[in-house]
Each structure stands twice: as C-alpha cells, then as structure tokens.
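As stored in entry_18.csv (CSV, N, CA and C atoms and all ligand atoms):
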```csv
chain,number,residue,atom,x,y,z
A,1,MET,N,-9.5,-2.2,-14.6
A,1,MET,CA,-8.6,-2.0,-13.5
A,1,MET,C,-7.7,-0.8,-13.7
A,2,ASP,N,-7.6,0.1,-12.7
A,2,ASP,CA,-6.7,1.2,-12.8
A,2,ASP,C,-5.3,0.6,-12.5
A,3,TYR,N,-4.3,1.2,-13.1
A,3,TYR,CA,-2.9,0.6,-12.9
A,3,TYR,C,-2.3,0.9,-11.5
A,4,ASP,N,-3.0,1.8,-10.8
A,4,ASP,CA,-2.5,2.0,-9.4
A,4,ASP,C,-3.2,1.3,-8.3
A,5,GLU,N,-4.1,0.4,-8.7
A,5,GLU,CA,-4.9,-0.3,-7.7
A,5,GLU,C,-4.0,-1.2,-6.8
A,6,TYR,N,-2.9,-1.6,-7.3
A,6,TYR,CA,-2.1,-2.5,-6.5
A,6,TYR,C,-0.7,-1.9,-6.0
A,7,PHE,N,-0.7,-0.6,-6.0
A,7,PHE,CA,0.5,0.1,-5.4
A,7,PHE,C,0.5,0.0,-3.9
A,8,PHE,N,1.7,-0.2,-3.4
A,8,PHE,CA,1.9,-0.2,-2.0
A,8,PHE,C,3.1,0.5,-1.6
A,9,ASP,N,3.0,1.7,-1.0
A,9,ASP,CA,4.2,2.5,-0.7
A,9,ASP,C,4.9,1.8,0.5
A,10,VAL,N,6.2,1.7,0.3
A,10,VAL,CA,7.0,0.9,1.3
A,10,VAL,C,7.7,1.9,2.3
A,11,GLY,N,7.3,1.7,3.5
A,11,GLY,CA,8.1,2.4,4.6
A,11,GLY,C,8.0,3.9,4.6
A,12,ASN,N,8.6,4.4,5.5
A,12,ASN,CA,8.7,5.9,5.7
A,12,ASN,C,10.0,6.1,6.4
A,13,TYR,N,11.0,5.8,5.7
A,13,TYR,CA,12.4,5.8,6.3
A,13,TYR,C,13.2,7.1,5.9
A,14,ASN,N,12.5,8.2,5.7
A,14,ASN,CA,13.2,9.4,5.3
A,14,ASN,C,14.4,9.7,6.2
A,15,LYS,N,14.2,9.5,7.5
A,15,LYS,CA,15.2,9.9,8.4
A,15,LYS,C,16.5,9.0,8.2
A,16,TYR,N,16.3,7.8,7.6
A,16,TYR,CA,17.5,7.0,7.4
A,16,TYR,C,18.1,7.2,6.0
A,17,ILE,N,17.4,7.8,5.1
A,17,ILE,CA,17.8,7.8,3.7
A,17,ILE,C,18.2,9.2,3.3
A,18,PRO,N,19.5,9.4,3.0
A,18,PRO,CA,19.9,10.8,2.6
A,18,PRO,C,19.1,11.2,1.3
A,19,LYS,N,18.7,12.4,1.3
A,19,LYS,CA,18.0,13.0,0.2
A,19,LYS,C,18.9,13.1,-1.0
A,20,ARG,N,18.5,12.6,-2.1
A,20,ARG,CA,19.3,12.7,-3.4
A,20,ARG,C,18.4,13.0,-4.5
A,21,LYS,N,18.9,13.6,-5.6
A,21,LYS,CA,18.1,13.7,-6.8
A,21,LYS,C,18.1,12.4,-7.5
A,22,VAL,N,16.9,11.7,-7.5
A,22,VAL,CA,16.9,10.4,-8.1
A,22,VAL,C,15.9,10.4,-9.3
A,23,VAL,N,16.3,9.9,-10.4
A,23,VAL,CA,15.3,9.7,-11.5
A,23,VAL,C,14.8,8.3,-11.4
A,24,SER,N,13.6,8.1,-12.0
A,24,SER,CA,12.9,6.8,-11.9
A,24,SER,C,13.9,5.8,-12.4
A,25,SER,N,14.0,4.7,-11.6
A,25,SER,CA,14.9,3.6,-12.1
A,25,SER,C,14.3,2.3,-11.7
A,26,LYS,N,14.2,1.4,-12.6
A,26,LYS,CA,13.7,0.1,-12.3
A,26,LYS,C,14.6,-0.7,-11.4
A,27,VAL,N,14.1,-1.3,-10.3
A,27,VAL,CA,15.0,-2.0,-9.4
A,27,VAL,C,14.7,-3.5,-9.6
A,28,GLU,N,13.4,-3.9,-9.5
A,28,GLU,CA,13.1,-5.3,-9.8
A,28,GLU,C,11.9,-5.2,-10.8
A,29,SER,N,11.5,-6.3,-11.3
A,29,SER,CA,10.4,-6.2,-12.2
A,29,SER,C,9.1,-5.7,-11.7
A,30,ASN,N,8.9,-5.8,-10.3
A,30,ASN,CA,7.6,-5.3,-9.8
A,30,ASN,C,7.8,-4.2,-8.8
A,31,SER,N,8.9,-3.5,-8.8
A,31,SER,CA,9.0,-2.4,-7.9
A,31,SER,C,9.8,-1.3,-8.6
A,32,PHE,N,9.7,-0.1,-8.2
A,32,PHE,CA,10.4,1.0,-8.8
A,32,PHE,C,10.6,2.2,-7.8
A,33,LYS,N,11.6,3.0,-8.1
A,33,LYS,CA,11.8,4.1,-7.2
A,33,LYS,C,10.9,5.3,-7.7
A,34,ARG,N,10.3,6.0,-6.7
A,34,ARG,CA,9.6,7.2,-7.1
A,34,ARG,C,10.5,8.3,-7.4
A,35,LYS,N,10.1,9.2,-8.4
A,35,LYS,CA,10.9,10.3,-8.7
A,35,LYS,C,11.1,11.3,-7.6
A,36,ASP,N,10.1,11.5,-6.8
A,36,ASP,CA,10.1,12.6,-5.8
A,36,ASP,C,10.9,12.3,-4.6
A,37,ASP,N,11.3,11.1,-4.3
A,37,ASP,CA,12.1,10.8,-3.2
A,37,ASP,C,12.7,9.4,-3.3
A,38,ASP,N,13.3,9.0,-2.2
A,38,ASP,CA,14.0,7.7,-2.3
A,38,ASP,C,13.3,6.5,-1.8
A,39,ARG,N,12.0,6.7,-1.6
A,39,ARG,CA,11.2,5.6,-1.1
A,39,ARG,C,10.8,4.7,-2.2
A,40,PHE,N,10.3,3.5,-1.9
A,40,PHE,CA,9.9,2.6,-3.0
A,40,PHE,C,8.4,2.4,-2.9
A,41,THR,N,7.9,2.0,-4.1
A,41,THR,CA,6.5,1.6,-4.2
A,41,THR,C,6.5,0.2,-4.9
A,42,ILE,N,5.8,-0.7,-4.2
A,42,ILE,CA,5.6,-2.1,-4.8
A,42,ILE,C,4.4,-2.0,-5.8
A,43,ASP,N,4.6,-2.5,-7.0
A,43,ASP,CA,3.5,-2.5,-7.9
A,43,ASP,C,3.1,-4.0,-8.1
A,44,ALA,N,2.0,-4.4,-7.5
A,44,ALA,CA,1.6,-5.8,-7.5
A,44,ALA,C,0.5,-6.0,-8.5
A,45,ALA,N,0.4,-5.2,-9.5
A,45,ALA,CA,-0.6,-5.4,-10.6
A,45,ALA,C,-0.4,-6.6,-11.4
A,46,ILE,N,0.8,-6.9,-11.7
A,46,ILE,CA,1.1,-8.1,-12.6
A,46,ILE,C,1.2,-9.4,-11.8
A,47,TYR,N,2.0,-9.3,-10.8
A,47,TYR,CA,2.1,-10.5,-9.9
A,47,TYR,C,2.4,-10.1,-8.5
A,48,GLY,N,2.2,-11.0,-7.6
A,48,GLY,CA,2.5,-10.8,-6.2
A,48,GLY,C,1.9,-11.9,-5.4
A,49,ASN,N,1.8,-11.8,-4.1
A,49,ASN,CA,1.2,-12.9,-3.4
A,49,ASN,C,-0.2,-12.5,-2.9
A,50,VAL,N,-0.8,-13.3,-2.1
A,50,VAL,CA,-2.2,-13.0,-1.7
A,50,VAL,C,-2.4,-11.7,-1.0
A,51,GLY,N,-1.4,-11.1,-0.5
A,51,GLY,CA,-1.4,-9.9,0.2
A,51,GLY,C,-2.0,-8.8,-0.7
A,52,ARG,N,-1.8,-8.9,-2.0
A,52,ARG,CA,-2.3,-7.8,-2.9
A,52,ARG,C,-3.8,-7.8,-3.0
A,53,PHE,N,-4.5,-8.9,-2.5
A,53,PHE,CA,-6.0,-8.9,-2.6
A,53,PHE,C,-6.7,-8.5,-1.4
A,54,ILE,N,-5.9,-8.0,-0.4
A,54,ILE,CA,-6.5,-7.6,0.9
A,54,ILE,C,-7.1,-6.2,0.7
A,55,ASN,N,-8.4,-6.1,1.0
A,55,ASN,CA,-9.1,-4.8,0.8
A,55,ASN,C,-8.9,-3.9,2.0
A,56,HIS,N,-9.3,-2.6,1.8
A,56,HIS,CA,-9.2,-1.6,2.8
A,56,HIS,C,-10.4,-1.7,3.7
A,57,SER,N,-10.2,-1.3,5.0
A,57,SER,CA,-11.3,-1.1,5.9
A,57,SER,C,-10.9,0.0,6.9
A,58,CYS,N,-11.9,0.8,7.3
A,58,CYS,CA,-11.7,1.8,8.3
A,58,CYS,C,-11.6,1.2,9.7
A,59,SER,N,-12.1,-0.1,9.8
A,59,SER,CA,-11.9,-0.8,11.0
A,59,SER,C,-11.2,-2.1,10.7
A,60,PRO,N,-9.9,-2.0,10.4
A,60,PRO,CA,-9.2,-3.2,9.9
A,60,PRO,C,-8.9,-4.2,11.0
A,61,ASN,N,-8.7,-5.5,10.5
A,61,ASN,CA,-8.3,-6.5,11.5
A,61,ASN,C,-6.8,-6.9,11.3
A,62,LEU,N,-6.1,-6.2,10.4
A,62,LEU,CA,-4.7,-6.4,10.2
A,62,LEU,C,-4.0,-5.1,10.2
A,63,CYS,N,-2.7,-5.2,10.5
A,63,CYS,CA,-1.8,-4.0,10.3
A,63,CYS,C,-0.6,-4.4,9.5
A,64,ALA,N,-0.1,-3.5,8.7
A,64,ALA,CA,1.1,-3.8,7.9
A,64,ALA,C,2.3,-3.3,8.6
A,65,GLN,N,3.3,-4.1,8.6
A,65,GLN,CA,4.6,-3.7,9.2
A,65,GLN,C,5.7,-3.9,8.2
A,66,ASN,N,6.7,-3.0,8.3
A,66,ASN,CA,7.9,-3.2,7.5
A,66,ASN,C,8.9,-3.9,8.3
A,67,LEU,N,9.4,-5.1,7.8
A,67,LEU,CA,10.3,-5.9,8.6
A,67,LEU,C,11.5,-6.3,7.7
A,68,MET,N,12.6,-6.5,8.4
A,68,MET,CA,13.8,-7.0,7.7
A,68,MET,C,14.3,-8.2,8.5
A,69,TYR,N,14.6,-9.3,7.8
A,69,TYR,CA,15.1,-10.4,8.5
A,69,TYR,C,16.3,-11.1,7.8
A,70,ASP,N,16.5,-10.8,6.5
A,70,ASP,CA,17.6,-11.4,5.9
A,70,ASP,C,18.5,-10.4,5.2
A,71,HIS,N,18.3,-9.1,5.4
A,71,HIS,CA,19.2,-8.1,4.9
A,71,HIS,C,18.9,-6.8,5.8
A,72,GLY,N,19.8,-5.9,5.7
A,72,GLY,CA,19.7,-4.7,6.5
A,72,GLY,C,19.3,-3.4,5.8
A,73,ASP,N,18.8,-3.6,4.5
A,73,ASP,CA,18.5,-2.4,3.7
A,73,ASP,C,17.1,-1.9,4.1
A,74,LYS,N,17.0,-0.8,4.8
A,74,LYS,CA,15.7,-0.3,5.3
A,74,LYS,C,14.9,0.3,4.1
A,75,LYS,N,15.5,0.5,3.0
A,75,LYS,CA,14.7,1.0,1.8
A,75,LYS,C,13.8,-0.1,1.2
A,76,VAL,N,14.1,-1.3,1.4
A,76,VAL,CA,13.3,-2.4,0.8
A,76,VAL,C,13.0,-3.5,1.8
A,77,PRO,N,12.2,-3.1,2.8
A,77,PRO,CA,11.8,-4.1,3.8
A,77,PRO,C,10.8,-5.0,3.3
A,78,TYR,N,10.6,-6.1,4.0
A,78,TYR,CA,9.4,-7.0,3.7
A,78,TYR,C,8.2,-6.4,4.3
A,79,ILE,N,7.1,-6.5,3.6
A,79,ILE,CA,5.8,-6.1,4.2
A,79,ILE,C,5.1,-7.3,4.8
A,80,MET,N,4.8,-7.2,6.1
A,80,MET,CA,4.2,-8.3,6.7
A,80,MET,C,2.9,-7.8,7.4
A,81,PHE,N,1.9,-8.7,7.3
A,81,PHE,CA,0.6,-8.3,7.9
A,81,PHE,C,0.4,-9.1,9.2
A,82,PHE,N,0.0,-8.4,10.2
A,82,PHE,CA,-0.2,-9.0,11.6
A,82,PHE,C,-1.7,-8.7,12.0
A,83,ALA,N,-2.3,-9.7,12.7
A,83,ALA,CA,-3.6,-9.5,13.2
A,83,ALA,C,-3.6,-8.4,14.2
A,84,SER,N,-4.5,-7.5,14.2
A,84,SER,CA,-4.5,-6.4,15.2
A,84,SER,C,-5.7,-6.6,16.1
A,85,LYS,N,-6.5,-7.6,15.8
A,85,LYS,CA,-7.5,-8.0,16.7
A,85,LYS,C,-7.9,-9.5,16.5
A,86,SER,N,-8.7,-10.0,17.3
A,86,SER,CA,-9.1,-11.4,17.1
A,86,SER,C,-9.9,-11.6,15.8
A,87,ILE,N,-9.6,-12.6,15.0
A,87,ILE,CA,-10.2,-12.7,13.7
A,87,ILE,C,-11.0,-14.0,13.6
A,88,SER,N,-12.3,-13.9,13.3
A,88,SER,CA,-13.1,-15.1,13.3
A,88,SER,C,-12.9,-15.9,12.0
A,89,PRO,N,-13.2,-17.2,12.0
A,89,PRO,CA,-13.1,-18.0,10.8
A,89,PRO,C,-13.9,-17.4,9.7
A,90,LEU,N,-13.4,-17.3,8.5
A,90,LEU,CA,-14.1,-16.8,7.3
A,90,LEU,C,-14.3,-15.3,7.3
A,91,GLU,N,-13.8,-14.6,8.3
A,91,GLU,CA,-13.9,-13.1,8.3
A,91,GLU,C,-12.9,-12.6,7.3
A,92,GLU,N,-13.3,-11.6,6.6
A,92,GLU,CA,-12.4,-11.0,5.6
A,92,GLU,C,-11.3,-10.3,6.3
A,93,LEU,N,-10.1,-10.5,5.7
A,93,LEU,CA,-8.9,-9.8,6.2
A,93,LEU,C,-8.8,-8.4,5.6
A,94,THR,N,-8.6,-7.4,6.4
A,94,THR,CA,-8.5,-6.0,5.8
A,94,THR,C,-7.4,-5.2,6.6
A,95,TYR,N,-6.9,-4.2,5.9
A,95,TYR,CA,-6.0,-3.3,6.6
A,95,TYR,C,-6.4,-1.9,6.1
A,96,HIS,N,-5.9,-0.9,6.8
A,96,HIS,CA,-6.2,0.5,6.5
A,96,HIS,C,-5.2,1.0,5.5
A,97,TYR,N,-5.6,1.4,4.3
A,97,TYR,CA,-4.7,1.8,3.2
A,97,TYR,C,-3.9,3.1,3.6
A,98,ASN,N,-4.5,3.9,4.4
A,98,ASN,CA,-3.8,5.2,4.8
A,98,ASN,C,-3.5,6.0,3.6
A,99,HIS,N,-4.4,6.0,2.6
A,99,HIS,CA,-4.2,6.9,1.5
A,99,HIS,C,-4.3,8.3,2.0
A,100,ARG,N,-3.3,9.1,1.7
A,100,ARG,CA,-3.4,10.6,1.9
A,100,ARG,C,-4.1,11.2,0.7
A,101,ILE,N,-5.2,11.8,0.9
A,101,ILE,CA,-6.0,12.2,-0.2
A,101,ILE,C,-5.3,13.1,-1.2
A,102,VAL,N,-4.4,13.9,-0.8
A,102,VAL,CA,-3.7,14.8,-1.7
A,102,VAL,C,-2.6,14.1,-2.5
A,103,HIS,N,-2.4,12.8,-2.1
A,103,HIS,CA,-1.2,12.1,-2.8
A,103,HIS,C,-1.6,11.0,-3.7
A,104,VAL,N,-2.9,10.8,-4.0
A,104,VAL,CA,-3.4,9.8,-4.9
A,104,VAL,C,-3.8,10.4,-6.2
A,105,HIS,N,-3.1,10.2,-7.3
A,105,HIS,CA,-3.5,10.8,-8.5
A,105,HIS,C,-3.7,9.7,-9.6
A,106,ASP,N,-4.6,10.1,-10.6
A,106,ASP,CA,-4.8,9.1,-11.6
A,106,ASP,C,-3.6,9.2,-12.7
A,107,THR,N,-3.7,8.4,-13.7
A,107,THR,CA,-2.6,8.4,-14.7
A,107,THR,C,-2.4,9.7,-15.4
A,108,ASN,N,-3.4,10.6,-15.4
A,108,ASN,CA,-3.2,11.9,-16.0
A,108,ASN,C,-2.7,12.9,-15.0
A,109,GLY,N,-2.5,12.5,-13.8
A,109,GLY,CA,-1.9,13.4,-12.8
A,109,GLY,C,-3.0,14.2,-12.1
A,110,ASN,N,-4.3,13.8,-12.3
A,110,ASN,CA,-5.4,14.5,-11.6
A,110,ASN,C,-5.6,13.8,-10.3
A,111,LEU,N,-6.0,14.7,-9.3
A,111,LEU,CA,-6.3,14.1,-8.0
A,111,LEU,C,-7.4,13.1,-8.0
A,112,LYS,N,-7.1,11.9,-7.4
A,112,LYS,CA,-8.0,10.8,-7.5
A,112,LYS,C,-8.7,10.7,-6.2
A,113,ARG,N,-10.0,10.6,-6.2
A,113,ARG,CA,-10.8,10.4,-5.0
A,113,ARG,C,-11.4,9.0,-5.0
A,114,GLU,N,-10.7,8.1,-4.3
A,114,GLU,CA,-11.2,6.7,-4.3
A,114,GLU,C,-12.3,6.6,-3.2
A,115,LYS,N,-13.5,6.2,-3.7
A,115,LYS,CA,-14.6,6.0,-2.7
A,115,LYS,C,-14.4,4.7,-2.0
A,116,GLY,N,-14.3,4.7,-0.7
A,116,GLY,CA,-14.3,3.4,0.0
A,116,GLY,C,-15.7,3.0,0.5
A,117,ARG,N,-15.9,1.8,0.6
A,117,ARG,CA,-17.2,1.3,1.1
A,117,ARG,C,-17.0,0.0,1.9
A,118,CYS,N,-16.3,0.2,3.0
A,118,CYS,CA,-15.9,-1.0,3.7
A,118,CYS,C,-17.0,-1.5,4.6
A,119,GLY,N,-18.0,-0.8,4.9
A,119,GLY,CA,-19.1,-1.2,5.7
A,119,GLY,C,-18.9,-1.0,7.2
A,120,SER,N,-17.8,-0.6,7.5
A,120,SER,CA,-17.6,-0.3,9.0
A,120,SER,C,-18.4,0.9,9.4
A,121,HIS,N,-18.9,0.9,10.7
A,121,HIS,CA,-19.6,2.1,11.1
A,121,HIS,C,-18.6,3.3,11.3
A,122,LYS,N,-17.3,3.0,11.2
A,122,LYS,CA,-16.4,4.1,11.3
A,122,LYS,C,-16.0,4.6,9.9
A,123,CYS,N,-16.6,4.0,8.8
A,123,CYS,CA,-16.2,4.3,7.5
A,123,CYS,C,-16.3,5.7,7.1
A,124,ASN,N,-15.2,6.3,6.6
A,124,ASN,CA,-15.2,7.7,6.2
A,124,ASN,C,-15.4,7.8,4.7
A,125,ARG,N,-15.7,6.7,4.0
A,125,ARG,CA,-16.1,6.7,2.6
A,125,ARG,C,-14.9,7.0,1.7
A,126,ARG,N,-13.7,6.8,2.2
A,126,ARG,CA,-12.6,6.9,1.3
A,126,ARG,C,-11.5,6.0,1.9
A,127,MET,N,-10.5,5.6,1.0
A,127,MET,CA,-9.5,4.7,1.4
A,127,MET,C,-8.2,5.5,1.8
A,201,LIG,C1,-5.0,-4.0,-3.5
A,201,LIG,S1,-6.5,-4.0,-4.4
A,201,LIG,C2,-7.5,-5.0,-3.3
A,201,LIG,C3,-8.0,-6.2,-3.9
A,201,LIG,C4,-9.1,-6.0,-5.0
A,201,LIG,N1,-10.4,-5.7,-4.3
A,201,LIG,C5,-9.2,-7.1,-5.9
A,201,LIG,O1,-10.3,-7.8,-6.0
A,201,LIG,O2,-8.3,-7.5,-6.6
A,201,LIG,C6,-7.1,-2.4,-4.1
A,201,LIG,C7,-8.3,-2.0,-4.9
A,201,LIG,O3,-9.4,-2.7,-4.4
A,201,LIG,C8,-10.6,-1.9,-4.3
A,201,LIG,N2,-10.9,-1.7,-2.8
A,201,LIG,C9,-10.2,-2.2,-1.8
A,201,LIG,N3,-10.8,-1.9,-0.6
A,201,LIG,C10,-12.0,-1.3,-0.9
A,201,LIG,C11,-13.1,-0.7,-0.2
A,201,LIG,N4,-13.1,-0.8,1.1
A,201,LIG,N5,-14.1,-0.1,-0.9
A,201,LIG,C12,-14.1,0.0,-2.2
A,201,LIG,N6,-13.1,-0.5,-3.0
A,201,LIG,C13,-12.1,-1.2,-2.4
A,201,LIG,C14,-10.2,-0.5,-4.9
A,201,LIG,O4,-10.5,-0.5,-6.2
A,201,LIG,C15,-8.7,-0.6,-4.7
A,201,LIG,O5,-8.0,0.3,-5.6
```

With the file now loaded, output its structure as structure tokens.
Amino acid sequence: MDYDEYFFDVGNYNKYIPKRKVVSSKVESNSFKRKDDDRFTIDAAIYGNVGRFINHSCSPNLCAQNLMYDHGDKKVPYIMFFASKSISPLEELTYHYNHRIVHVHDTNGNLKREKGRCGSHKCNRRM
C-alpha cells in the first residue's frame, strides 16, 4: 500500500481563508495541514470510516460534498457522500477522485501516474 492511497483533500475554500505562511502542523491524529496552503488533507490510511474504501469511477454514482452542521469552520468540513444517480442493490459505490495529474506525487516527490481501471465506457484510465 502506498501511504497516499487514502488521502482526501478537503474543500477548496481559498476564497475564505487568508493566505498565510504555514508550516506543517498536526491538527488531529488523522489530518494535517499541507505546507503549500491552508487547506487540509484527511489521511485515512490508519483509520477512518467506510468512506475510505470507496473506489474511483469515471462514471460515479456518488458525489462528495463538504458540509458543516455542528461548527462554522469552513477549513474542516465534514465530507458527505450523496447519490448522484439511482443506485441498484449490490452496485458498487464510487465517486470521481478528481486527481489533478500534476498534483499527485509519490513519497520521493516524483509525479505519480495512477492508472485507473473503473470499467466505465467513459474511463480515461486515470484517477
Ligand atoms: C481510498 S482507496 C479505495 C479503496 C481501496 N480500493 C481499498 O481496497 O482499500 C484508493 C486506492 O484504491 C485504488 N483504486 C480506487 N479506485 C480505483 C480504480 N478505479 N482503478 C484502480 N485502482 C483504484 C487505488 O490504489 C487508490 O489509490
């Protein structure tokens, strides 16, 4: 297992968050601030809920939304999955990872090309 397989970038709230020079700082045991900006990445490699086992598809049946219901901090929203189409019993749940190819690197800092094989006729062979 690669250590980045369970990363989930949270939100895109740049317009709400003033830019600051931030060094990496642990916030909770399974999340950390990225050095390059003020957004957060959830690291679900060690523990998390069933959401971390949802695979990528180019024709997903779920969409991920950032929501807040018990606090107002837009930097750390809850990630919730909603059906984006009708889902049949026993159908695999999937969402689109939206990996931007220039932003996924391996642990040595090399550009990582993750090959997707979701089986969708729309599959572009990457996540
Ligand atoms: C969040 S995990 C998803 C759950 C994972 N398949 C598991 O069994 O624990 C993300 C990893 O699953 C694999 N994966 C997810 N969707 C994929 C797809 N459509 N094609 C190939 N690998 C996929 C990749 O290794 C990816 O880094």

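Distance annotation: of A:His71, A:Asn110, A:His96, A:Leu62, the residue with the minimal separation from Ser84 (chain A) is A:Leu62; atom set is only N, CA and C atoms.
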
Checklist line | Option closest in space to ligand LIG 201 (chain A), from A:Asp70, A:Asp106, A:Asp9, A:Asp4 [counting all atoms listed in the file] | finding: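 That would be A:Asp4, the residue with the smallest distance to ligand LIG 201 (chain A).
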
Checklist line | Test item: residues no farther than 5 Å from ligand LIG 201 (chain A), counting only N, CA and C atoms and all ligand atoms, as JSON, numbers by chain | finding: {"A": [5, 6, 52, 53, 54, 55, 56, 57, 115, 116, 117, 118]}

Check: Which protein, DNA or RNA residues have an atom at most 8 Å from (-12.7, -0.9, 12.1), counting only N, CA and C atoms? List them as a PyMOL selection string.
Finding: chain A and resi 57-61+119-123

Checklist line | Separation of atom N of Arg39 (chain A) from CA of Ile79 (chain A), in Å and rounded to one decimal | finding: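 Rounded to one decimal, the two atoms are 15.4 Å apart.
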
Notebook entry, point to check: What is the CA of Asp73 (chain A) to atom C of Tyr47 (chain A) distance in Å?
Noted result: 21.6 Å

Check: What does the distance from atom N of Lys74 (chain A) to atom N of Ala44 (chain A) come to in Å, to one decimal?
Finding: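 These two atoms are separated by 19.7 Å.
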
Checklist line | Which of A:Arg126, A:Asp43, A:Pro77, A:Asn49 sits closest to Tyr97 (chain A) [using all atoms listed in the file] | finding: A:Arg126
